>>> print(open('query-v5.cif').read())   # mmCIF, C-alpha atoms
data_coords
loop_
_atom_site.label_atom_id
_atom_site.label_comp_id
_atom_site.auth_asym_id
_atom_site.auth_seq_id
_atom_site.Cartn_x
_atom_site.Cartn_y
_atom_site.Cartn_z
CA MET A 1201 0.02 -36.76 -2.67
CA ALA A 1202 3.45 -36.96 -1.12
CA LEU A 1203 4.83 -34.05 -3.13
CA ALA A 1204 1.77 -31.96 -2.19
CA TRP A 1205 2.43 -32.57 1.52
CA LEU A 1206 6.11 -31.68 1.07
CA LEU A 1207 5.26 -28.37 -0.57
CA ALA A 1208 2.67 -27.60 2.11
CA ALA A 1209 5.26 -28.23 4.84
CA LEU A 1210 7.81 -25.97 3.13
CA VAL A 1211 5.22 -23.20 2.81
CA MET A 1212 4.63 -23.49 6.57
CA MET A 1213 8.36 -23.06 7.18
CA VAL A 1214 8.44 -19.95 5.02
CA ALA A 1215 5.40 -18.58 6.87
CA GLY A 1216 7.17 -19.05 10.21
CA ILE A 1217 4.81 -21.73 11.50
CA GLY A 1218 6.55 -24.40 13.56
CA TYR A 1219 10.27 -24.96 14.02
CA PRO A 1220 12.52 -22.93 14.00
CA ALA A 1221 10.09 -20.06 14.61
CA ALA A 1222 8.56 -22.12 17.44
CA ASP A 1223 9.96 -24.61 19.94
CA LEU A 1224 10.30 -28.26 18.92
CA ALA A 1225 7.62 -29.35 21.39
CA THR A 1226 4.89 -26.92 20.28
CA PRO A 1227 1.74 -28.11 18.47
CA ASP A 1228 2.70 -26.10 15.39
CA THR A 1229 5.98 -28.01 15.14
CA LEU A 1230 4.15 -31.30 15.64
CA VAL A 1231 1.98 -30.38 12.65
CA LEU A 1232 5.06 -29.63 10.55
CA VAL A 1233 6.93 -32.78 11.60
CA HIS A 1234 4.01 -35.10 10.84
CA MET A 1235 3.31 -33.44 7.50
CA VAL A 1236 6.88 -34.20 6.50
CA CYS A 1237 7.35 -37.64 8.07
CA ILE A 1238 3.90 -39.10 7.31
CA GLY A 1239 2.53 -36.97 4.49
CA TRP A 1240 5.71 -36.69 2.47
CA LEU A 1241 8.22 -39.40 3.35
CA SER A 1242 5.93 -42.23 4.47
CA LEU A 1243 3.44 -41.83 1.64
CA ALA A 1244 6.26 -41.68 -0.90
CA MET A 1245 7.92 -44.73 0.68
CA CYS A 1246 4.68 -46.72 0.72
CA GLY A 1247 3.98 -45.88 -2.91
CA ALA A 1248 7.49 -46.89 -3.92
CA LEU A 1249 7.34 -50.15 -1.96
CA PHE A 1250 4.01 -51.21 -3.45
CA GLN A 1251 5.74 -51.00 -6.82
CA PHE A 1252 9.17 -52.24 -5.82
CA VAL A 1253 8.81 -55.04 -3.25
CA PRO A 1254 7.39 -57.41 -5.92
CA VAL A 1255 10.55 -56.68 -7.91
CA LEU A 1256 12.74 -57.52 -4.91
CA VAL A 1257 11.15 -60.93 -4.39
CA ALA A 1258 10.09 -61.66 -8.00
CA LYS A 1259 6.55 -62.35 -6.78
CA PRO A 1260 3.29 -60.44 -7.27
CA LEU A 1261 2.01 -58.14 -4.54
CA PHE A 1262 -0.08 -60.02 -1.96
CA SER A 1263 -3.10 -57.78 -2.66
CA GLU A 1264 -3.32 -54.87 -5.08
CA LYS A 1265 -6.80 -54.07 -3.74
CA TRP A 1266 -5.40 -52.71 -0.45
CA GLU A 1267 -3.37 -49.86 -1.93
CA LEU A 1268 -6.18 -47.33 -2.41
CA PRO A 1269 -7.83 -48.01 0.99
CA ALA A 1270 -4.41 -47.61 2.63
CA LEU A 1271 -3.90 -44.25 0.91
CA ALA A 1272 -7.39 -43.10 1.93
CA LEU A 1273 -6.91 -44.13 5.57
CA LEU A 1274 -3.45 -42.57 5.81
CA SER A 1275 -4.57 -39.31 4.21
CA ALA A 1276 -7.73 -38.98 6.29
CA GLY A 1277 -5.92 -40.03 9.47
CA LEU A 1278 -3.17 -37.49 8.91
CA VAL A 1279 -5.67 -34.67 8.32
CA LEU A 1280 -7.50 -35.56 11.56
CA LEU A 1281 -4.23 -35.82 13.49
CA LEU A 1282 -3.08 -32.42 12.25
CA ALA A 1283 -6.46 -30.91 13.12
CA GLY A 1284 -6.05 -32.33 16.61
CA PHE A 1285 -2.63 -30.71 16.97
CA LEU A 1286 -4.06 -27.39 15.76
CA SER A 1287 -6.83 -27.74 18.31
CA LEU A 1288 -4.25 -28.49 20.99
CA GLY A 1289 -2.42 -25.28 20.06
CA GLY A 1290 -5.56 -23.14 20.06
CA ARG A 1291 -5.64 -22.55 16.29
CA LEU A 1292 -8.91 -24.55 16.05
CA PRO A 1293 -11.78 -24.90 18.55
CA PRO A 1294 -11.16 -27.54 21.26
CA ALA A 1295 -11.59 -31.01 19.77
CA LEU A 1296 -8.87 -33.24 21.23
CA TRP A 1297 -10.89 -36.34 20.28
CA LEU A 1298 -9.53 -35.78 16.78
CA LEU A 1299 -6.10 -36.99 17.95
CA PRO A 1300 -7.07 -40.57 18.89
CA LEU A 1301 -9.45 -40.81 15.91
CA GLY A 1302 -6.67 -39.75 13.54
CA ALA A 1303 -4.25 -42.16 15.22
CA VAL A 1304 -6.67 -45.08 14.79
CA MET A 1305 -7.07 -44.33 11.09
CA LEU A 1306 -3.31 -44.02 10.64
CA VAL A 1307 -2.78 -47.34 12.42
CA GLY A 1308 -5.38 -48.88 10.12
CA GLY A 1309 -3.72 -47.48 7.00
CA PHE A 1310 -0.22 -48.48 8.04
CA GLY A 1311 -1.60 -51.87 9.09
CA LEU A 1312 -2.78 -52.52 5.54
CA VAL A 1313 0.64 -51.45 4.25
CA VAL A 1314 2.55 -53.66 6.70
CA VAL A 1315 0.43 -56.77 6.07
CA ASP A 1316 0.41 -56.37 2.28
CA LEU A 1317 4.12 -55.64 1.93
CA GLY A 1318 5.16 -57.94 4.77
CA LEU A 1319 3.42 -60.99 3.32
CA THR A 1320 4.92 -60.17 -0.08
CA ALA A 1321 8.49 -59.66 1.17
CA TRP A 1322 8.28 -62.76 3.38
CA LEU A 1323 8.07 -64.92 0.26
CA ARG A 1324 11.79 -64.39 -0.33
CA PRO A 1325 13.31 -62.67 2.75
CA ALA A 1326 16.81 -62.19 1.38
CA GLY A 1327 19.02 -59.22 0.53
CA PRO A 1328 17.16 -55.89 0.32
CA ALA A 1329 13.86 -57.56 1.29
CA ARG A 1330 15.26 -58.11 4.78
CA PHE A 1331 15.76 -54.35 5.15
CA VAL A 1332 12.14 -53.82 4.14
CA LEU A 1333 10.92 -56.35 6.72
CA VAL A 1334 12.91 -54.68 9.51
CA GLY A 1335 11.65 -51.30 8.29
CA LEU A 1336 8.06 -52.53 8.46
CA ALA A 1337 8.62 -53.85 11.99
CA SER A 1338 9.99 -50.44 12.93
CA LEU A 1339 6.91 -48.84 11.39
CA CYS A 1340 4.74 -50.95 13.71
CA ALA A 1341 6.70 -49.68 16.73
CA THR A 1342 6.49 -46.09 15.46
CA ALA A 1343 2.73 -46.30 14.97
CA ALA A 1344 2.25 -47.90 18.38
CA PHE A 1345 4.13 -45.13 20.16
CA GLY A 1346 2.31 -42.49 18.13
CA ALA A 1347 -1.10 -43.95 19.00
CA VAL A 1348 -0.27 -43.94 22.71
CA PHE A 1349 0.87 -40.31 22.45
CA ALA A 1350 -2.34 -39.31 20.67
CA PHE A 1351 -4.55 -40.95 23.31
CA ALA A 1352 -2.43 -39.44 26.09
CA LEU A 1353 -2.70 -35.92 24.65
CA ALA A 1354 -6.47 -36.40 24.54
CA GLY A 1355 -6.46 -37.49 28.19
CA CYS A 1356 -7.52 -41.06 27.39
CA ALA A 1357 -4.39 -43.09 28.18
CA GLY A 1358 -4.21 -42.98 31.98
CA SER A 1359 -1.06 -42.53 34.05
CA ALA A 1360 0.94 -45.08 32.04
CA GLY A 1361 0.21 -43.18 28.85
CA GLU A 1362 1.28 -39.92 30.46
CA VAL A 1363 4.62 -41.47 31.45
CA ILE A 1364 5.20 -42.82 27.94
CA LEU A 1365 4.31 -39.44 26.46
CA ALA A 1366 6.74 -37.66 28.78
CA GLU A 1367 9.69 -39.99 28.10
CA GLY A 1368 9.02 -41.85 24.88
CA ILE A 1369 9.28 -39.22 22.13
CA PRO A 1370 12.95 -40.08 21.35
CA LEU A 1371 11.96 -43.74 20.97
CA HIS A 1372 9.17 -42.79 18.55
CA ALA A 1373 11.57 -40.64 16.51
CA VAL A 1374 14.35 -43.24 16.29
CA ALA A 1375 11.95 -46.03 15.32
CA GLY A 1376 10.40 -43.84 12.63
CA LEU A 1377 13.36 -41.98 11.14
CA GLY A 1378 16.06 -44.55 11.87
CA GLY A 1379 14.14 -47.79 11.44
CA TRP A 1380 11.17 -47.31 9.13
CA LEU A 1381 12.48 -44.62 6.79
CA THR A 1382 16.28 -45.03 6.84
CA LEU A 1383 16.60 -48.83 6.88
CA THR A 1384 13.91 -49.16 4.23
CA ALA A 1385 15.61 -46.51 2.07
CA MET A 1386 18.90 -48.38 2.47
CA GLY A 1387 17.41 -51.66 1.31
CA VAL A 1388 15.64 -50.16 -1.69
CA SER A 1389 18.73 -48.19 -2.71
CA TYR A 1390 20.83 -51.37 -2.88
CA ARG A 1391 18.66 -52.77 -5.65
CA LEU A 1392 17.97 -49.47 -7.42
CA LEU A 1393 21.63 -48.54 -7.63
CA ALA A 1394 22.61 -52.00 -8.84
CA MET A 1395 19.88 -51.87 -11.52
CA PHE A 1396 20.53 -48.38 -12.79
CA MET A 1397 24.35 -48.54 -12.73
CA LEU A 1398 24.60 -52.18 -13.91
CA SER A 1399 26.56 -53.10 -10.77
CA PRO A 1400 26.73 -56.54 -9.17
CA ASP A 1401 24.54 -56.86 -6.09
CA VAL A 1402 26.13 -56.07 -2.75
CA ASP A 1403 27.64 -59.15 -1.12
CA ASP A 1404 24.92 -60.69 1.04
CA GLN A 1405 27.23 -61.09 4.04
CA GLN A 1406 28.22 -57.42 3.88
CA SER A 1407 24.63 -56.22 3.78
CA ARG A 1408 23.76 -58.55 6.67
CA TRP A 1409 26.23 -56.71 8.91
CA THR A 1410 24.86 -53.36 7.80
CA LEU A 1411 21.31 -54.46 8.56
CA ALA A 1412 22.28 -56.11 11.83
CA ALA A 1413 23.84 -52.91 13.17
CA GLY A 1414 20.81 -50.85 12.14
CA ALA A 1415 18.28 -53.39 13.40
CA PHE A 1416 20.04 -53.68 16.77
CA ALA A 1417 20.07 -49.89 17.04
CA VAL A 1418 16.30 -49.78 16.63
CA ALA A 1419 15.74 -52.82 18.86
CA VAL A 1420 17.88 -51.39 21.65
CA THR A 1421 16.00 -48.10 21.39
CA VAL A 1422 12.51 -49.58 21.39
CA ALA A 1423 12.93 -52.51 23.78
CA GLY A 1424 15.62 -51.00 25.99
CA GLY A 1425 13.93 -47.63 25.97
CA ALA A 1426 10.58 -49.13 26.96
CA LEU A 1427 12.22 -50.91 29.90
CA ALA A 1428 14.06 -47.76 30.92
CA VAL A 1429 10.82 -45.77 30.87
CA GLY A 1430 9.06 -48.49 32.84
CA PHE A 1431 11.73 -48.54 35.52
CA ALA A 1432 12.21 -44.74 35.41
CA SER A 1433 15.94 -45.19 34.90
CA GLY A 1434 16.50 -42.61 32.14
CA LEU A 1435 17.27 -43.03 28.45
CA ASN A 1436 20.84 -41.74 28.20
CA VAL A 1437 22.55 -45.14 28.19
CA VAL A 1438 20.02 -46.65 25.79
CA LEU A 1439 20.23 -43.77 23.33
CA SER A 1440 24.03 -43.72 23.51
CA ILE A 1441 24.26 -47.42 22.61
CA SER A 1442 21.71 -46.92 19.85
CA ALA A 1443 23.67 -43.96 18.45
CA ILE A 1444 26.88 -46.01 18.27
CA LEU A 1445 25.11 -48.88 16.51
CA GLY A 1446 23.36 -46.47 14.15
CA LEU A 1447 26.66 -44.79 13.26
CA ALA A 1448 28.21 -48.21 12.61
CA SER A 1449 25.32 -49.10 10.29
CA ALA A 1450 25.75 -45.82 8.38
CA VAL A 1451 29.50 -46.46 7.98
CA LEU A 1452 28.90 -50.01 6.72
CA TYR A 1453 26.22 -48.72 4.35
CA GLY A 1454 28.70 -46.18 3.00
CA ARG A 1455 31.15 -49.01 2.34
CA ASP A 1456 28.45 -50.98 0.47
CA ILE A 1457 27.41 -48.00 -1.65
CA ALA A 1458 31.03 -47.17 -2.48
CA GLY A 1459 31.40 -50.74 -3.75
CA LEU A 1460 28.37 -50.38 -6.02
CA PHE A 1461 29.81 -47.22 -7.55
CA ARG A 1462 33.29 -48.72 -7.89
CA LEU A 1463 32.11 -51.92 -9.64
CA ARG A 1464 29.50 -50.35 -11.93
CA LYS A 1465 29.57 -51.17 -15.63
CA ARG A 1466 27.74 -47.99 -16.66
CA ARG A 1467 30.55 -45.47 -16.30
CA HIS A 1468 28.48 -42.40 -17.18
CA LEU A 1469 26.20 -41.55 -14.26
CA GLU A 1470 22.69 -40.40 -15.04
CA LEU A 1471 21.26 -37.39 -13.21
CA ASN A 1472 19.41 -39.44 -10.61
CA MET A 1473 22.62 -41.19 -9.62
CA ARG A 1474 24.63 -37.97 -9.48
CA MET A 1475 22.00 -36.41 -7.25
CA ALA A 1476 21.83 -39.54 -5.09
CA THR A 1477 25.51 -39.02 -4.29
CA LEU A 1478 24.54 -35.66 -2.74
CA SER A 1479 22.05 -37.54 -0.55
CA PHE A 1480 24.79 -39.93 0.55
CA ALA A 1481 27.00 -36.92 1.26
CA SER A 1482 24.19 -35.48 3.37
CA LEU A 1483 23.96 -38.76 5.29
CA ALA A 1484 27.69 -38.62 5.96
CA GLY A 1485 27.34 -34.97 6.95
CA THR A 1486 24.53 -35.86 9.34
CA GLY A 1487 26.74 -38.42 11.05
CA LEU A 1488 29.67 -36.02 11.31
CA LEU A 1489 27.41 -33.25 12.57
CA GLY A 1490 26.02 -35.54 15.25
CA ILE A 1491 29.52 -36.50 16.41
CA ALA A 1492 30.61 -32.87 16.48
CA LEU A 1493 27.56 -31.76 18.45
CA VAL A 1494 27.96 -34.55 20.99
CA SER A 1495 31.67 -33.79 21.41
CA ILE A 1496 30.93 -30.16 22.34
CA ASP A 1497 27.88 -31.11 24.42
CA ALA A 1498 25.53 -29.17 22.13
CA PHE A 1499 23.39 -31.97 20.69
CA PRO A 1500 20.21 -31.26 22.72
CA GLU A 1501 20.26 -27.59 21.67
CA GLN A 1502 20.96 -28.38 18.00
CA ILE A 1503 18.85 -31.51 17.54
CA GLY A 1504 16.59 -29.55 15.18
CA ALA A 1505 19.44 -28.81 12.76
CA PHE A 1506 20.60 -32.43 12.96
CA ALA A 1507 17.11 -33.76 12.18
CA PHE A 1508 16.63 -31.20 9.39
CA LEU A 1509 19.75 -32.37 7.55
CA ALA A 1510 18.80 -36.03 8.01
CA ILE A 1511 15.21 -35.54 6.84
CA PHE A 1512 15.71 -33.12 3.96
CA GLY A 1513 19.31 -33.79 2.91
CA TRP A 1514 19.50 -37.56 3.23
CA LEU A 1515 15.96 -38.99 3.07
CA SER A 1516 14.08 -36.36 1.04
CA GLY A 1517 16.98 -35.83 -1.34
CA LEU A 1518 17.24 -39.56 -2.05
CA VAL A 1519 13.48 -39.89 -2.59
CA LEU A 1520 13.40 -36.95 -5.00
CA ALA A 1521 16.40 -38.23 -6.95
CA LYS A 1522 14.98 -41.73 -7.30
CA LEU A 1523 11.45 -40.48 -8.01
CA TYR A 1524 12.82 -38.65 -11.05
CA LYS A 1525 14.21 -41.90 -12.46
CA ILE A 1526 11.45 -44.27 -11.35
CA VAL A 1527 8.66 -42.17 -12.87
CA ALA A 1528 10.52 -42.10 -16.18
CA PHE A 1529 11.18 -45.85 -16.07
CA LEU A 1530 7.58 -46.78 -15.21
CA THR A 1531 6.18 -44.32 -17.75
CA TRP A 1532 8.38 -45.86 -20.44
CA LEU A 1533 7.25 -49.39 -19.50
CA GLU A 1534 3.60 -48.38 -19.44
CA THR A 1535 3.66 -46.46 -22.72
CA TYR A 1536 6.16 -48.24 -24.93
CA GLY A 1537 6.39 -51.74 -23.47
CA PRO A 1538 3.33 -52.98 -25.39
CA VAL A 1539 4.83 -52.01 -28.78
CA MET A 1540 8.45 -53.03 -28.21
CA GLY A 1541 9.75 -54.76 -31.35
CA ARG A 1542 6.76 -53.61 -33.43
CA ALA A 1543 7.42 -49.86 -33.67
CA PRO A 1544 10.33 -47.46 -33.13
CA THR A 1545 10.39 -46.40 -29.47
CA PRO A 1546 12.47 -43.87 -27.51
CA ARG A 1547 14.91 -44.78 -24.75
CA VAL A 1548 14.05 -44.17 -21.10
CA GLN A 1549 16.53 -41.28 -21.14
CA ASP A 1550 14.63 -39.66 -24.00
CA LEU A 1551 11.73 -39.03 -21.61
CA VAL A 1552 13.80 -36.67 -19.46
CA ALA A 1553 15.76 -33.46 -19.96
CA GLU A 1554 18.64 -33.81 -17.54
CA GLY A 1555 20.28 -30.51 -18.42
CA ARG A 1556 17.16 -28.59 -17.47
CA ALA A 1557 16.39 -30.67 -14.40
CA THR A 1558 19.89 -30.46 -12.93
CA LYS A 1559 19.48 -26.88 -11.77
CA TRP A 1560 16.39 -27.71 -9.71
CA PHE A 1561 18.21 -30.44 -7.82
CA VAL A 1562 21.23 -28.21 -7.26
CA ILE A 1563 18.99 -25.44 -5.91
CA TYR A 1564 17.26 -27.90 -3.59
CA TYR A 1565 20.42 -29.46 -2.11
CA ALA A 1566 22.21 -26.12 -1.76
CA ALA A 1567 19.17 -24.69 0.03
CA VAL A 1568 19.06 -27.66 2.43
CA TRP A 1569 22.72 -27.29 3.34
CA ILE A 1570 22.43 -23.53 3.75
CA GLY A 1571 19.28 -24.04 5.81
CA THR A 1572 21.15 -26.41 8.12
CA VAL A 1573 23.84 -23.78 8.68
CA THR A 1574 21.25 -21.09 9.44
CA LEU A 1575 19.68 -23.38 12.04
CA LEU A 1576 23.07 -24.00 13.65
CA ILE A 1577 23.77 -20.27 13.93
CA ALA A 1578 20.19 -19.44 14.96
CA GLU A 1579 19.23 -17.23 12.00
CA PRO A 1580 15.50 -17.91 11.49
CA ASN A 1581 15.02 -15.20 8.86
CA SER A 1582 17.86 -16.60 6.76
CA PHE A 1583 16.37 -20.06 7.22
CA ARG A 1584 13.08 -18.88 5.73
CA ILE A 1585 14.96 -17.64 2.66
CA ALA A 1586 16.56 -21.08 2.34
CA ALA A 1587 13.10 -22.65 2.65
CA VAL A 1588 11.89 -20.46 -0.24
CA ALA A 1589 14.78 -21.80 -2.32
CA MET A 1590 13.80 -25.35 -1.34
CA ILE A 1591 10.28 -24.66 -2.62
CA VAL A 1592 11.72 -23.42 -5.91
CA GLY A 1593 13.76 -26.61 -6.25
CA VAL A 1594 10.87 -28.94 -5.36
CA VAL A 1595 8.44 -27.15 -7.69
CA GLY A 1596 11.00 -27.42 -10.49
CA ILE A 1597 11.51 -31.15 -9.85
CA ALA A 1598 7.75 -31.73 -9.68
CA ARG A 1599 7.35 -29.91 -12.99
CA GLU A 1600 9.94 -32.20 -14.56
CA ILE A 1601 8.05 -35.24 -13.25
CA VAL A 1602 4.81 -33.92 -14.75
CA ARG A 1603 6.59 -33.39 -18.08
CA ILE A 1604 7.80 -37.00 -17.95
CA ARG A 1605 4.24 -38.28 -17.47
CA ARG A 1606 3.04 -36.10 -20.35
CA LEU A 1607 5.91 -37.24 -22.64
CA ALA A 1608 6.65 -33.56 -23.18
CA ASP A 1609 10.33 -34.09 -23.99
CA VAL A 1610 9.89 -36.97 -26.44
CA ALA A 1611 10.30 -35.56 -29.93
CA GLY A 1612 8.95 -36.59 -33.31
CA PRO A 1613 6.89 -39.63 -34.32
CA GLN A 1614 8.41 -41.73 -31.53
CA ARG A 1615 6.33 -39.85 -28.97
CA LEU A 1616 3.14 -41.87 -29.53
CA PRO A 1617 3.63 -44.56 -32.20
CA ILE A 1618 0.62 -46.57 -33.30
CA GLY A 1619 -0.55 -48.86 -30.50
CA THR A 1620 0.46 -46.57 -27.63
CA VAL A 1621 -1.73 -44.44 -25.36
CA MET A 1622 -0.85 -41.20 -23.57
CA PRO A 1623 -0.32 -42.07 -19.87
CA HIS A 1624 -2.56 -40.50 -17.25
CA LEU A 1625 -0.88 -38.09 -14.87
CA LEU A 1626 -1.68 -39.79 -11.56
CA TYR A 1627 -2.36 -43.44 -12.35
CA ALA A 1628 -1.30 -46.09 -14.84
CA ASN A 1629 -3.36 -47.18 -17.81
CA PRO A 1630 -4.90 -50.63 -17.26
#
>>> encode(input="query-v5.cif", output="structure tokens")
Amino acid sequence: MALAWLLAALVMMVAGIGYPAADLATPDTLVLVHMVCIGWLSLAMCGALFQFVPVLVAKPLFSEKWELPALALLSAGLVLLLAGFLSLGGRLPPALWLLPLGAVMLVGGFGLVVVDLGLTAWLRPAGPARFVLVGLASLCATAAFGAVFAFALAGCAGSAGEVILAEGIPLHAVAGLGGWLTLTAMGVSYRLLAMFMLSPDVDDQQSRWTLAAGAFAVAVTVAGGALAVGFASGLNVVLSISAILGLASAVLYGRDIAGLFRLRKRRHLELNMRMATLSFASLAGTGLLGIALVSIDAFPEQIGAFAFLAIFGWLSGLVLAKLYKIVAFLTWLETYGPVMGRAPTPRVQDLVAEGRATKWFVIYYAAVWIGTVTLLIAEPNSFRIAAVAMIVGVVGIAREIVRIRRLADVAGPQRLPIGTVMPHLLYANP
């Protein structure tokens, strides 16, 4: 589902719908942004966390029965929200009631996610699980702001809602991208990198400082921003403090990740780890780009390029890189775990073809970086060419993931020894 939303968003970019062909505040851009941030990144993150949070705390998920209802509510809510934006922009007949209805369904879906994962992570709130808990709290703030915006756009939120809509969009964006998606990705990456590189876990005191800086950045934005909006005092001071704390968190995270790479026992890096380093480079590039834009007083004009690099270089790149490994790992466990020790089985690495997959990742990252440059120099036609290349890369990566699920690269009798069953494409065998 997440990959389908990503491809749909990229097709919109190629077609010239939304930013950069349209202003950031237009309904078309709102459609594009929510397809990427909810449809692609949030769905992928929720799916990963349902699988991974029990690993973090060594406890079963609070309720496995809530996953499918959450997916249904989030998918239906997103479709309704997008239809409301299209109605707002005149592409569909007037039906602004779709906006609050979609928001309510999204709040319900994210509510199931937050309660299920929150109660699971709370069983052992240490290390990476703390990042997940802060990320979930940030998701609550993001959803709350988004619901108010949806009701305000439909004319159902009164004067207070209109004020929040006029001033609160930066708070919504920071809570979502900085808190929910980035802090959660940081926490998950600590454990994934340690597992896949055979590195010792990051020192708990070090990660506490990283989380504290990031959590304070989100808290200052949400709480301080809400007070600033209430007292009509402007958001410049609040956002400046938040930016400094966020940059500090990114620097500390870079230190932690460098330590994982330095202390790893597995010297040869698999493809997912090599590609993850390009995501970390994109995160560093995002920070440097932000500093450069602020120093020349060009950040407001170039915020689109800054967000593009953060969303597609850092977050999307990391998700794609880890998805490639996680699907292979889970497919191996599902297919060959039951016959371990009773029949010859392949290695996890035998399920993938890294040489073939490398080019798709390289195409994707190169296209993202070139796309960022085209946004900075205001070349929308060149940007659309870069978006086409991004589609090529994503389609190639998705094809590799499908091949993993179909065991297409496992040769000989080891492919399906006696006692194993071919995995389904979209769900695990019971």
>>> closest_atom_pairs(input="query-v5.cif", of="stretch 1519-1564 of chain A", to="stretch 1383-1406 of chain A", cutoff="12 Å", atoms="only C-alpha atoms", output="tab-separated table")
residue	atom	partner	partner_atom	distance
A:Val1519	CA	A:Ala1385	CA	8.4
A:Ala1521	CA	A:Ser1389	CA	11.1
A:Lys1522	CA	A:Leu1392	CA	8.3
A:Leu1523	CA	A:Leu1392	CA	11.1
A:Lys1525	CA	A:Phe1396	CA	9.1
A:Ile1526	CA	A:Leu1392	CA	9.2
A:Phe1529	CA	A:Phe1396	CA	10.2
A:Val1548	CA	A:Phe1396	CA	11.3
A:Gln1549	CA	A:Phe1396	CA	11.7
>>> atom_distance(input="query-v5.cif", atom1="atom CA of A:Asn1472", atom2="atom CA of A:Gly1454")
17.8 Å
>>> residues_around(input="query-v5.cif", residues="A:Ser1516", least_positions_apart="4", cutoff="9 Å", atoms="all atoms listed in the file", output="MDAnalysis selection string")
chainID A and resid 1240:1241 1479 1510:1512 1520:1521
>>> closest_residue(input="query-v5.cif", among="A:Gly1368, A:Pro1623, A:Gly1487, A:Pro1254", to="A:Leu1530", atoms="only C-alpha atoms")
A:Pro1623
>>> resolve_selection(input="query-v5.cif", expression="the PyMOL selection byres ((chain A and resi 1334) around 10)", output="ChimeraX atom specification")
/A:1318,1329-1333,1335-1340,1379-1380,1383-1384,1387,1411-1412,1414-1415,1418-1419
>>> resolve_selection(input="query-v5.cif", expression="the PyMOL selection byres ((chain A and resi 1413) around 9)", output="ChimeraX atom specification")
/A:1408-1412,1414-1418,1445-1450,1452
>>> atom_distance(input="query-v5.cif", atom1="atom CA of A:Thr1558", atom2="atom CA of A:Leu1489")
26.7 Å
>>> closest_residue(input="query-v5.cif", among="A:Ala1373, A:Leu1625, A:Ala1587, A:Val1255", to="A:Ala1215", atoms="only C-alpha atoms")
A:Ala1587
>>> closest_residue(input="query-v5.cif", among="A:Leu1317, A:Val1438, A:Met1213, A:Ala1567", to="A:Leu1509", atoms="only C-alpha atoms")
A:Ala1567
>>> atom_distance(input="query-v5.cif", atom1="atom CA of A:Gly1612", atom2="atom CA of A:Met1473")
27.7 Å
>>> residues_around(input="query-v5.cif", residues="A:Ile1238", least_positions_apart="3", cutoff="10 Å", atoms="all atoms listed in the file", output="count of residues only")
16
>>> resolve_selection(input="query-v5.cif", expression="the PyMOL selection byres ((chain A and resi 1533) around 12)", output="JSON, numbers by chain")
{"A": [1526, 1527, 1528, 1529, 1530, 1531, 1532, 1534, 1535, 1536, 1537, 1538, 1539, 1540, 1545, 1546, 1547, 1548, 1551, 1605, 1620, 1621, 1623, 1628, 1629]}
>>> closest_residue(input="query-v5.cif", among="A:Ala1248, A:Ala1295, A:Leu1282, A:Ala1344", to="A:Glu1267", atoms="only C-alpha atoms")
A:Ala1248
>>> closest_residue(input="query-v5.cif", among="A:Ile1570, A:Ala1357, A:Ala1505, A:Ala1553", to="A:Leu1224", atoms="all atoms listed in the file")
A:Ala1505
>>> build_atoms(input="query-v5.cif", residues="stretch 1333-1342 of chain A", atoms="N, CA and C atoms", output="PDB file, keeping the file's coordinate frame")
ATOM      1  N   LEU A1333      11.624 -55.696   5.615  1.00  0.00           N
ATOM      2  CA  LEU A1333      10.920 -56.350   6.720  1.00  0.00           C
ATOM      3  C   LEU A1333      11.256 -55.689   8.062  1.00  0.00           C
ATOM      4  N   VAL A1334      12.529 -55.374   8.271  1.00  0.00           N
ATOM      5  CA  VAL A1334      12.910 -54.680   9.510  1.00  0.00           C
ATOM      6  C   VAL A1334      12.299 -53.282   9.530  1.00  0.00           C
ATOM      7  N   GLY A1335      12.279 -52.614   8.367  1.00  0.00           N
ATOM      8  CA  GLY A1335      11.650 -51.300   8.290  1.00  0.00           C
ATOM      9  C   GLY A1335      10.181 -51.357   8.633  1.00  0.00           C
ATOM     10  N   LEU A1336       9.485 -52.379   8.155  1.00  0.00           N
ATOM     11  CA  LEU A1336       8.060 -52.530   8.460  1.00  0.00           C
ATOM     12  C   LEU A1336       7.845 -52.811   9.950  1.00  0.00           C
ATOM     13  N   ALA A1337       8.720 -53.614  10.550  1.00  0.00           N
ATOM     14  CA  ALA A1337       8.620 -53.850  11.990  1.00  0.00           C
ATOM     15  C   ALA A1337       8.829 -52.548  12.762  1.00  0.00           C
ATOM     16  N   SER A1338       9.760 -51.735  12.294  1.00  0.00           N
ATOM     17  CA  SER A1338       9.990 -50.440  12.930  1.00  0.00           C
ATOM     18  C   SER A1338       8.782 -49.522  12.760  1.00  0.00           C
ATOM     19  N   LEU A1339       8.116 -49.618  11.601  1.00  0.00           N
ATOM     20  CA  LEU A1339       6.910 -48.840  11.390  1.00  0.00           C
ATOM     21  C   LEU A1339       5.829 -49.225  12.393  1.00  0.00           C
ATOM     22  N   CYS A1340       5.716 -50.507  12.701  1.00  0.00           N
ATOM     23  CA  CYS A1340       4.740 -50.950  13.710  1.00  0.00           C
ATOM     24  C   CYS A1340       5.041 -50.307  15.061  1.00  0.00           C
ATOM     25  N   ALA A1341       6.323 -50.296  15.457  1.00  0.00           N
ATOM     26  CA  ALA A1341       6.700 -49.680  16.730  1.00  0.00           C
ATOM     27  C   ALA A1341       6.421 -48.182  16.712  1.00  0.00           C
ATOM     28  N   THR A1342       6.739 -47.535  15.592  1.00  0.00           N
ATOM     29  CA  THR A1342       6.490 -46.090  15.460  1.00  0.00           C
ATOM     30  C   THR A1342       5.014 -45.774  15.604  1.00  0.00           C
TER      31      THR A1342
END
